[in-house]
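Colleague: Contents of coords-v5.csv (CSV, N, CA and C atoms) are given next:
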```csv
chain,number,residue,atom,x,y,z
A,1,GLN,N,8.0,-15.3,9.1
A,1,GLN,CA,7.0,-14.4,9.6
A,1,GLN,C,7.4,-13.0,9.3
A,2,VAL,N,6.4,-12.2,8.9
A,2,VAL,CA,6.6,-10.8,8.7
A,2,VAL,C,5.6,-10.0,9.5
A,3,GLN,N,6.1,-9.0,10.2
A,3,GLN,CA,5.2,-8.1,10.9
A,3,GLN,C,5.2,-6.7,10.2
A,4,LEU,N,4.0,-6.2,10.1
A,4,LEU,CA,3.9,-4.9,9.4
A,4,LEU,C,3.1,-3.9,10.2
A,5,VAL,N,3.6,-2.7,10.3
A,5,VAL,CA,2.9,-1.7,11.1
A,5,VAL,C,2.8,-0.4,10.3
A,6,GLU,N,1.5,0.0,10.0
A,6,GLU,CA,1.3,1.2,9.2
A,6,GLU,C,1.3,2.5,10.1
A,7,SER,N,1.6,3.6,9.5
A,7,SER,CA,1.5,4.9,10.2
A,7,SER,C,1.3,6.0,9.2
A,8,GLY,N,0.9,7.1,9.7
A,8,GLY,CA,0.8,8.3,8.8
A,8,GLY,C,-0.6,8.6,8.3
A,9,GLY,N,-1.6,7.8,8.7
A,9,GLY,CA,-2.9,8.1,8.2
A,9,GLY,C,-3.5,9.3,8.9
A,10,GLY,N,-4.8,9.7,8.6
A,10,GLY,CA,-5.4,10.8,9.3
A,10,GLY,C,-6.5,11.4,8.4
A,11,SER,N,-6.9,12.6,8.8
A,11,SER,CA,-7.9,13.3,8.1
A,11,SER,C,-7.3,14.5,7.3
A,12,VAL,N,-7.8,14.7,6.1
A,12,VAL,CA,-7.3,15.7,5.3
A,12,VAL,C,-8.4,16.2,4.4
A,13,GLN,N,-8.3,17.5,3.9
A,13,GLN,CA,-9.3,18.0,3.0
A,13,GLN,C,-8.9,17.6,1.6
A,14,ALA,N,-9.9,17.5,0.7
A,14,ALA,CA,-9.7,17.2,-0.7
A,14,ALA,C,-8.6,18.1,-1.3
A,15,GLY,N,-7.7,17.4,-2.0
A,15,GLY,CA,-6.6,18.1,-2.6
A,15,GLY,C,-5.3,18.0,-1.8
A,16,GLY,N,-5.5,17.6,-0.6
A,16,GLY,CA,-4.3,17.5,0.3
A,16,GLY,C,-3.5,16.2,0.1
A,17,SER,N,-2.5,16.0,0.9
A,17,SER,CA,-1.6,14.9,0.8
A,17,SER,C,-1.4,14.2,2.1
A,18,LEU,N,-1.0,12.9,2.1
A,18,LEU,CA,-0.6,12.2,3.2
A,18,LEU,C,0.5,11.2,2.8
A,19,ARG,N,1.4,11.0,3.7
A,19,ARG,CA,2.4,10.0,3.4
A,19,ARG,C,2.3,8.8,4.4
A,20,LEU,N,1.9,7.7,3.9
A,20,LEU,CA,1.7,6.5,4.7
A,20,LEU,C,3.0,5.7,4.7
A,21,SER,N,3.3,5.2,5.9
A,21,SER,CA,4.5,4.4,6.1
A,21,SER,C,4.2,3.0,6.5
A,22,CYS,N,5.0,2.0,6.2
A,22,CYS,CA,4.7,0.6,6.6
A,22,CYS,C,6.1,0.1,7.0
A,23,ALA,N,6.3,-0.1,8.3
A,23,ALA,CA,7.5,-0.7,8.8
A,23,ALA,C,7.4,-2.2,8.9
A,24,ALA,N,8.4,-2.9,8.3
A,24,ALA,CA,8.4,-4.3,8.3
A,24,ALA,C,9.4,-4.9,9.3
A,25,SER,N,9.1,-6.0,9.9
A,25,SER,CA,10.1,-6.7,10.8
A,25,SER,C,9.9,-8.1,10.6
A,26,GLY,N,10.9,-8.9,11.1
A,26,GLY,CA,10.8,-10.4,11.0
A,26,GLY,C,11.6,-10.8,9.7
A,27,ASN,N,11.0,-11.6,8.9
A,27,ASN,CA,11.7,-12.1,7.7
A,27,ASN,C,11.8,-10.9,6.8
A,28,THR,N,13.1,-10.5,6.5
A,28,THR,CA,13.3,-9.3,5.7
A,28,THR,C,13.1,-9.5,4.2
A,29,TYR,N,13.0,-10.8,3.8
A,29,TYR,CA,12.9,-11.0,2.4
A,29,TYR,C,11.5,-11.1,2.0
A,30,ARG,N,11.1,-10.1,1.2
A,30,ARG,CA,9.7,-10.1,0.7
A,30,ARG,C,9.6,-9.9,-0.8
A,31,GLY,N,8.9,-10.7,-1.5
A,31,GLY,CA,8.9,-10.6,-2.9
A,31,GLY,C,8.2,-9.4,-3.4
A,32,CYS,N,7.1,-9.0,-2.8
A,32,CYS,CA,6.4,-7.8,-3.2
A,32,CYS,C,5.9,-7.1,-1.9
A,33,MET,N,5.6,-5.8,-2.0
A,33,MET,CA,4.9,-5.1,-1.0
A,33,MET,C,3.8,-4.4,-1.7
A,34,GLY,N,2.7,-4.3,-1.0
A,34,GLY,CA,1.5,-3.6,-1.6
A,34,GLY,C,0.7,-2.8,-0.6
A,35,TRP,N,0.0,-1.8,-1.1
A,35,TRP,CA,-1.0,-1.1,-0.3
A,35,TRP,C,-2.4,-1.4,-0.8
A,36,PHE,N,-3.3,-1.7,0.0
A,36,PHE,CA,-4.6,-2.0,-0.3
A,36,PHE,C,-5.5,-1.0,0.5
A,37,ARG,N,-6.8,-0.9,0.1
A,37,ARG,CA,-7.7,-0.1,0.9
A,37,ARG,C,-9.1,-0.7,0.8
A,38,GLN,N,-9.8,-0.4,1.8
A,38,GLN,CA,-11.2,-0.9,1.9
A,38,GLN,C,-12.1,0.2,2.5
A,39,SER,N,-13.2,0.4,1.8
A,39,SER,CA,-14.2,1.3,2.3
A,39,SER,C,-15.4,0.5,2.8
A,40,PRO,N,-16.2,1.1,3.7
A,40,PRO,CA,-17.4,0.3,4.2
A,40,PRO,C,-18.3,-0.1,3.0
A,41,GLY,N,-18.6,-1.4,3.0
A,41,GLY,CA,-19.5,-1.9,2.0
A,41,GLY,C,-18.8,-2.3,0.7
A,42,LYS,N,-17.5,-2.1,0.7
A,42,LYS,CA,-16.8,-2.4,-0.6
A,42,LYS,C,-15.7,-3.5,-0.3
A,43,GLU,N,-15.3,-4.1,-1.4
A,43,GLU,CA,-14.3,-5.1,-1.3
A,43,GLU,C,-12.9,-4.4,-1.1
A,44,ARG,N,-12.0,-5.1,-0.5
A,44,ARG,CA,-10.6,-4.6,-0.4
A,44,ARG,C,-10.0,-4.5,-1.9
A,45,GLU,N,-9.4,-3.4,-2.2
A,45,GLU,CA,-8.8,-3.2,-3.5
A,45,GLU,C,-7.4,-2.9,-3.4
A,46,GLY,N,-6.6,-3.3,-4.4
A,46,GLY,CA,-5.2,-3.0,-4.5
A,46,GLY,C,-5.0,-1.6,-5.0
A,47,VAL,N,-4.1,-0.9,-4.4
A,47,VAL,CA,-3.9,0.5,-4.7
A,47,VAL,C,-2.5,0.7,-5.4
A,48,ALA,N,-1.5,0.2,-4.8
A,48,ALA,CA,-0.1,0.3,-5.3
A,48,ALA,C,0.7,-0.9,-4.9
A,49,PHE,N,1.7,-1.3,-5.7
A,49,PHE,CA,2.5,-2.4,-5.5
A,49,PHE,C,3.9,-2.2,-5.9
A,50,ILE,N,4.9,-2.8,-5.2
A,50,ILE,CA,6.3,-2.7,-5.6
A,50,ILE,C,7.0,-4.0,-5.5
A,51,HIS,N,7.7,-4.4,-6.5
A,51,HIS,CA,8.4,-5.6,-6.5
A,51,HIS,C,9.7,-5.4,-5.8
A,52,ASN,N,10.3,-6.5,-5.3
A,52,ASN,CA,11.5,-6.4,-4.5
A,52,ASN,C,12.7,-5.9,-5.3
A,53,ASP,N,12.6,-5.8,-6.6
A,53,ASP,CA,13.7,-5.2,-7.4
A,53,ASP,C,13.7,-3.7,-7.2
A,54,GLY,N,12.6,-3.2,-6.6
A,54,GLY,CA,12.6,-1.8,-6.3
A,54,GLY,C,12.2,-0.9,-7.5
A,55,GLY,N,12.3,-1.4,-8.7
A,55,GLY,CA,12.0,-0.6,-9.9
A,55,GLY,C,10.7,-0.8,-10.5
A,56,THR,N,10.1,-1.9,-10.2
A,56,THR,CA,8.8,-2.3,-10.8
A,56,THR,C,7.7,-2.0,-9.9
A,57,THR,N,6.8,-1.1,-10.3
A,57,THR,CA,5.7,-0.7,-9.5
A,57,THR,C,4.4,-0.8,-10.4
A,58,PHE,N,3.3,-0.9,-9.7
A,58,PHE,CA,2.0,-1.0,-10.3
A,58,PHE,C,1.0,-0.1,-9.5
A,59,TYR,N,0.1,0.4,-10.2
A,59,TYR,CA,-0.9,1.3,-9.6
A,59,TYR,C,-2.3,1.0,-10.1
A,60,ALA,N,-3.3,1.1,-9.2
A,60,ALA,CA,-4.7,1.1,-9.7
A,60,ALA,C,-4.9,2.3,-10.5
A,61,ASP,N,-5.8,2.1,-11.5
A,61,ASP,CA,-6.1,3.3,-12.4
A,61,ASP,C,-6.6,4.5,-11.7
A,62,SER,N,-7.3,4.3,-10.6
A,62,SER,CA,-7.9,5.4,-9.9
A,62,SER,C,-6.9,6.3,-9.2
A,63,VAL,N,-5.7,5.8,-9.0
A,63,VAL,CA,-4.7,6.6,-8.3
A,63,VAL,C,-3.4,6.9,-9.1
A,64,LYS,N,-3.4,6.4,-10.3
A,64,LYS,CA,-2.2,6.7,-11.2
A,64,LYS,C,-2.0,8.2,-11.3
A,65,GLY,N,-0.8,8.6,-11.2
A,65,GLY,CA,-0.5,10.1,-11.3
A,65,GLY,C,-0.7,10.8,-10.0
A,66,ARG,N,-1.3,10.2,-9.0
A,66,ARG,CA,-1.5,10.9,-7.7
A,66,ARG,C,-0.8,10.2,-6.6
A,67,PHE,N,-0.7,8.9,-6.6
A,67,PHE,CA,0.0,8.1,-5.5
A,67,PHE,C,1.3,7.6,-6.0
A,68,ALA,N,2.3,7.4,-5.1
A,68,ALA,CA,3.6,6.9,-5.5
A,68,ALA,C,4.0,6.0,-4.3
A,69,ILE,N,4.4,4.7,-4.7
A,69,ILE,CA,4.9,3.8,-3.7
A,69,ILE,C,6.4,3.7,-3.9
A,70,SER,N,7.1,3.6,-2.7
A,70,SER,CA,8.5,3.5,-2.7
A,70,SER,C,9.0,2.7,-1.5
A,71,GLN,N,10.2,2.3,-1.5
A,71,GLN,CA,10.7,1.5,-0.4
A,71,GLN,C,12.1,2.0,0.0
A,72,ASP,N,12.4,1.8,1.3
A,72,ASP,CA,13.7,2.1,1.8
A,72,ASP,C,14.2,0.8,2.4
A,73,ASN,N,15.0,0.0,1.7
A,73,ASN,CA,15.4,-1.3,2.2
A,73,ASN,C,16.3,-1.2,3.5
A,74,ALA,N,17.0,-0.1,3.6
A,74,ALA,CA,17.8,0.1,4.8
A,74,ALA,C,17.0,0.2,6.1
A,75,LYS,N,15.8,0.8,5.9
A,75,LYS,CA,14.8,1.0,7.0
A,75,LYS,C,13.7,-0.1,7.1
A,76,ASN,N,13.7,-1.0,6.1
A,76,ASN,CA,12.7,-2.0,6.0
A,76,ASN,C,11.3,-1.3,6.0
A,77,THR,N,11.2,-0.2,5.3
A,77,THR,CA,10.0,0.5,5.3
A,77,THR,C,9.5,0.8,3.8
A,78,VAL,N,8.2,0.7,3.6
A,78,VAL,CA,7.6,1.0,2.4
A,78,VAL,C,6.7,2.3,2.6
A,79,TYR,N,6.7,3.1,1.6
A,79,TYR,CA,5.9,4.4,1.7
A,79,TYR,C,4.8,4.4,0.6
A,80,LEU,N,3.8,5.1,0.9
A,80,LEU,CA,2.8,5.5,-0.1
A,80,LEU,C,2.5,7.0,0.1
A,81,GLN,N,3.0,7.7,-0.9
A,81,GLN,CA,2.8,9.1,-1.0
A,81,GLN,C,1.5,9.4,-1.7
A,82,THR,N,0.5,10.0,-1.0
A,82,THR,CA,-0.8,10.2,-1.6
A,82,THR,C,-1.0,11.7,-1.8
A,83,ASN,N,-1.2,12.1,-3.0
A,83,ASN,CA,-1.4,13.5,-3.4
A,83,ASN,C,-2.7,13.7,-4.0
A,84,SER,N,-3.2,15.0,-4.1
A,84,SER,CA,-4.4,15.3,-4.7
A,84,SER,C,-5.6,14.4,-4.3
A,85,LEU,N,-5.6,14.2,-3.0
A,85,LEU,CA,-6.6,13.3,-2.4
A,85,LEU,C,-8.0,13.7,-2.7
A,86,LYS,N,-8.9,12.7,-2.9
A,86,LYS,CA,-10.3,12.9,-3.2
A,86,LYS,C,-11.1,12.2,-2.1
A,87,PRO,N,-12.3,12.6,-1.9
A,87,PRO,CA,-13.2,12.0,-0.9
A,87,PRO,C,-13.3,10.5,-1.2
A,88,GLU,N,-13.3,10.1,-2.4
A,88,GLU,CA,-13.4,8.6,-2.7
A,88,GLU,C,-12.1,7.8,-2.4
A,89,ASP,N,-11.1,8.5,-2.0
A,89,ASP,CA,-9.9,7.8,-1.5
A,89,ASP,C,-10.0,7.4,0.0
A,90,THR,N,-11.1,7.9,0.6
A,90,THR,CA,-11.4,7.5,2.0
A,90,THR,C,-11.5,6.0,2.2
A,91,GLY,N,-10.8,5.5,3.3
A,91,GLY,CA,-10.9,4.1,3.6
A,91,GLY,C,-9.9,3.7,4.6
A,92,MET,N,-9.9,2.4,4.9
A,92,MET,CA,-8.8,1.8,5.7
A,92,MET,C,-7.7,1.4,4.8
A,93,TYR,N,-6.5,1.8,5.0
A,93,TYR,CA,-5.4,1.4,4.1
A,93,TYR,C,-4.6,0.4,4.9
A,94,TYR,N,-4.3,-0.7,4.1
A,94,TYR,CA,-3.5,-1.8,4.6
A,94,TYR,C,-2.2,-2.0,3.9
A,95,CYS,N,-1.2,-2.3,4.6
A,95,CYS,CA,0.1,-2.7,4.0
A,95,CYS,C,0.1,-4.2,4.0
A,96,ALA,N,0.7,-4.8,2.9
A,96,ALA,CA,0.8,-6.2,2.9
A,96,ALA,C,2.1,-6.6,2.2
A,97,ALA,N,2.4,-7.9,2.5
A,97,ALA,CA,3.7,-8.4,1.9
A,97,ALA,C,3.5,-9.8,1.3
A,98,VAL,N,4.2,-10.0,0.3
A,98,VAL,CA,4.3,-11.4,-0.3
A,98,VAL,C,5.6,-12.0,0.3
A,99,GLY,N,5.5,-13.0,1.1
A,99,GLY,CA,6.7,-13.6,1.6
A,99,GLY,C,7.4,-14.5,0.6
A,100,GLY,N,8.8,-14.4,0.6
A,100,GLY,CA,9.5,-15.2,-0.4
A,100,GLY,C,9.5,-14.6,-1.8
A,101,SER,N,10.2,-15.3,-2.7
A,101,SER,CA,10.3,-14.7,-4.0
A,101,SER,C,9.0,-14.7,-4.8
A,102,ALA,N,8.9,-13.8,-5.7
A,102,ALA,CA,7.7,-13.6,-6.6
A,102,ALA,C,8.1,-12.9,-7.9
A,103,ILE,N,7.4,-13.3,-8.9
A,103,ILE,CA,7.6,-12.6,-10.2
A,103,ILE,C,6.8,-11.3,-10.0
A,104,ALA,N,7.2,-10.3,-10.8
A,104,ALA,CA,6.6,-9.0,-10.7
A,104,ALA,C,5.1,-9.0,-10.9
A,105,ALA,N,4.7,-9.8,-11.9
A,105,ALA,CA,3.2,-9.8,-12.2
A,105,ALA,C,2.4,-10.3,-11.0
A,106,ALA,N,3.0,-11.1,-10.1
A,106,ALA,CA,2.3,-11.6,-8.9
A,106,ALA,C,2.0,-10.5,-7.9
A,107,CYS,N,2.7,-9.4,-8.0
A,107,CYS,CA,2.6,-8.3,-7.0
A,107,CYS,C,1.2,-7.7,-7.1
A,108,ARG,N,0.5,-7.8,-8.2
A,108,ARG,CA,-0.8,-7.2,-8.3
A,108,ARG,C,-2.0,-8.1,-7.9
A,109,MET,N,-1.6,-9.3,-7.4
A,109,MET,CA,-2.6,-10.3,-7.1
A,109,MET,C,-2.8,-10.5,-5.6
A,110,ILE,N,-3.9,-10.1,-5.1
A,110,ILE,CA,-4.1,-10.1,-3.6
A,110,ILE,C,-3.9,-11.5,-3.0
A,111,GLN,N,-4.2,-12.5,-3.8
A,111,GLN,CA,-4.1,-13.9,-3.2
A,111,GLN,C,-2.7,-14.3,-2.8
A,112,TYR,N,-1.7,-13.6,-3.3
A,112,TYR,CA,-0.3,-13.9,-3.0
A,112,TYR,C,0.2,-13.2,-1.7
A,113,TYR,N,-0.6,-12.3,-1.2
A,113,TYR,CA,-0.2,-11.5,0.0
A,113,TYR,C,-0.6,-12.3,1.2
A,114,GLY,N,0.4,-12.8,2.0
A,114,GLY,CA,0.1,-13.6,3.1
A,114,GLY,C,0.3,-12.8,4.4
A,115,TYR,N,0.9,-11.6,4.4
A,115,TYR,CA,1.1,-10.9,5.6
A,115,TYR,C,0.5,-9.5,5.5
A,116,TRP,N,-0.2,-9.1,6.5
A,116,TRP,CA,-1.0,-7.9,6.5
A,116,TRP,C,-0.8,-7.1,7.8
A,117,GLY,N,-0.8,-5.8,7.6
A,117,GLY,CA,-0.8,-4.9,8.8
A,117,GLY,C,-2.2,-4.7,9.3
A,118,GLN,N,-2.3,-4.0,10.4
A,118,GLN,CA,-3.6,-3.8,11.1
A,118,GLN,C,-4.5,-2.8,10.4
A,119,GLY,N,-3.9,-2.0,9.5
A,119,GLY,CA,-4.7,-1.0,8.8
A,119,GLY,C,-4.6,0.3,9.5
A,120,ILE,N,-4.8,1.4,8.6
A,120,ILE,CA,-4.8,2.7,9.2
A,120,ILE,C,-5.8,3.5,8.4
A,121,GLN,N,-6.5,4.4,9.1
A,121,GLN,CA,-7.6,5.1,8.5
A,121,GLN,C,-7.2,6.4,7.7
A,122,VAL,N,-7.7,6.6,6.5
A,122,VAL,CA,-7.5,7.8,5.8
A,122,VAL,C,-8.9,8.4,5.5
A,123,THR,N,-9.1,9.6,5.9
A,123,THR,CA,-10.4,10.2,5.6
A,123,THR,C,-10.2,11.5,4.9
A,124,VAL,N,-10.8,11.7,3.7
A,124,VAL,CA,-10.7,12.9,2.9
A,124,VAL,C,-12.0,13.5,2.9
A,125,SER,N,-12.1,14.8,3.3
A,125,SER,CA,-13.3,15.5,3.3
A,125,SER,C,-13.4,16.5,2.2
A,126,GLN,N,-14.6,16.9,1.8
A,126,GLN,CA,-14.8,17.8,0.7
A,126,GLN,C,-14.5,19.2,1.1
```
Here is the file; what I need is its structure written in the form of structure tokens.
Modeller:
Amino acid sequence: QVQLVESGGGSVQAGGSLRLSCAASGNTYRGCMGWFRQSPGKEREGVAFIHNDGGTTFYADSVKGRFAISQDNAKNTVYLQTNSLKPEDTGMYYCAAVGGSAIAAACRMIQYYGYWGQGIQVTVSQ
């Protein structure tokens, strides 16, 4: 079992930044960690992913160059630095984990994520 708790969300004006954190507890071995988001009326979409090797990351095209995912294994925490935020980045952001080993390519596939946080709201105003 893995427990995930997000923090760092809030409201910001367009062009601003937020740093989201996801603290993990329980089974410390996770093949992948990911950040997803969901806006009203839309499907949940993957935003950024990191493999447990720490060096392999993936990003949705919509956030490339603006968002950065990182992890601190000593703190069992994954971060999502969001910069140059746009109103279309508004949504509920979820941290998720793939339990057990996984190949890097699997990190981008939502079906492999079995553990989810409760979500945290990010609102970007014009």
Colleague: Which residues in segment 23-80 of chain A does DSSP call strand (DSSP E)? List them as a VMD selection string.
Modeller: chain A and resid 23 to 26 30 to 38 45 to 51 57 to 59 67 to 72 77 to 80
Colleague: At a cut-off of 12 Å from (-16.3, 9.7, -4.4) in the coordinates of the file, what residues are picked up using only C-alpha atoms, written as a compact mmCIF listing (two decimals) with N, CA and C atoms, keeping the file's coordinate frame?
Modeller:
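Now in out-v2.txt:
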```
# COMPACT_ATOMS: atom_id res chain seq x y z
N ALA A 14 -9.90 17.50 0.70
CA ALA A 14 -9.70 17.20 -0.70
C ALA A 14 -8.60 18.10 -1.30
N SER A 39 -13.20 0.40 1.80
CA SER A 39 -14.20 1.30 2.30
C SER A 39 -15.40 0.50 2.80
N SER A 62 -7.30 4.30 -10.60
CA SER A 62 -7.90 5.40 -9.90
C SER A 62 -6.90 6.30 -9.20
N LEU A 85 -5.60 14.20 -3.00
CA LEU A 85 -6.60 13.30 -2.40
C LEU A 85 -8.00 13.70 -2.70
N LYS A 86 -8.90 12.70 -2.90
CA LYS A 86 -10.30 12.90 -3.20
C LYS A 86 -11.10 12.20 -2.10
N PRO A 87 -12.30 12.60 -1.90
CA PRO A 87 -13.20 12.00 -0.90
C PRO A 87 -13.30 10.50 -1.20
N GLU A 88 -13.30 10.10 -2.40
CA GLU A 88 -13.40 8.60 -2.70
C GLU A 88 -12.10 7.80 -2.40
N ASP A 89 -11.10 8.50 -2.00
CA ASP A 89 -9.90 7.80 -1.50
C ASP A 89 -10.00 7.40 0.00
N THR A 90 -11.10 7.90 0.60
CA THR A 90 -11.40 7.50 2.00
C THR A 90 -11.50 6.00 2.20
N GLY A 91 -10.80 5.50 3.30
CA GLY A 91 -10.90 4.10 3.60
C GLY A 91 -9.90 3.70 4.60
N THR A 123 -9.10 9.60 5.90
CA THR A 123 -10.40 10.20 5.60
C THR A 123 -10.20 11.50 4.90
N VAL A 124 -10.80 11.70 3.70
CA VAL A 124 -10.70 12.90 2.90
C VAL A 124 -12.00 13.50 2.90
N SER A 125 -12.10 14.80 3.30
CA SER A 125 -13.30 15.50 3.30
C SER A 125 -13.40 16.50 2.20
N GLN A 126 -14.60 16.90 1.80
CA GLN A 126 -14.80 17.80 0.70
C GLN A 126 -14.50 19.20 1.10
```
Colleague: Please list as a list of chain:residue names every residue within 6.5 Å of Tyr115 of chain A, counting only N, CA and C atoms and excluding residues in the same chain fewer than 2 positions away.
Modeller: A:Val2, A:Cys95, A:Ala96, A:Ala97, A:Val98, A:Gly99, A:Tyr112, A:Tyr113, A:Gly117
Colleague: Name the residues in contact with Phe36 of chain A at a cut-off of 7 Å, using only C-alpha atoms, excluding same-chain residues fewer than 2 positions from it; report them as a list of chain:residue names.
Modeller: A:Gly34, A:Arg44, A:Glu45, A:Gly46, A:Val47, A:Tyr93, A:Tyr94, A:Cys95
Colleague: Find the residues near Cys32 of chain A: any atom within 8 Å, counting all atoms listed in the file, skip ones fewer than 4 places away on the same chain, and give them as a VMD selection string.
Modeller: chain A and resid 49 to 53 96 to 104 106 to 108 113
Colleague: At a cut-off of 6.5 Å, using only N, CA and C atoms, what residues contact segment 63-71 of chain A? Leave out same-chain residues fewer than 3 positions from it and give the result as a PyMOL selection string.
Modeller: chain A and resi 48-49+59-60+74+77-84
Colleague: What does the structure give for the distance between atom N of Gly9 of chain A and atom CA of Ala24 of chain A, in Å to one decimal?
Modeller: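 Taking atom N of Gly9 of chain A as the start and atom CA of Ala24 of chain A as the end point, the length is 15.7 Å.
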Colleague: Would you work out the distance separating atom CA of Gln38 of chain A from atom CA of Gly26 of chain A, expressed in Å to one decimal?
Modeller: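 Rounded to one decimal, the two atoms are 25.6 Å apart.
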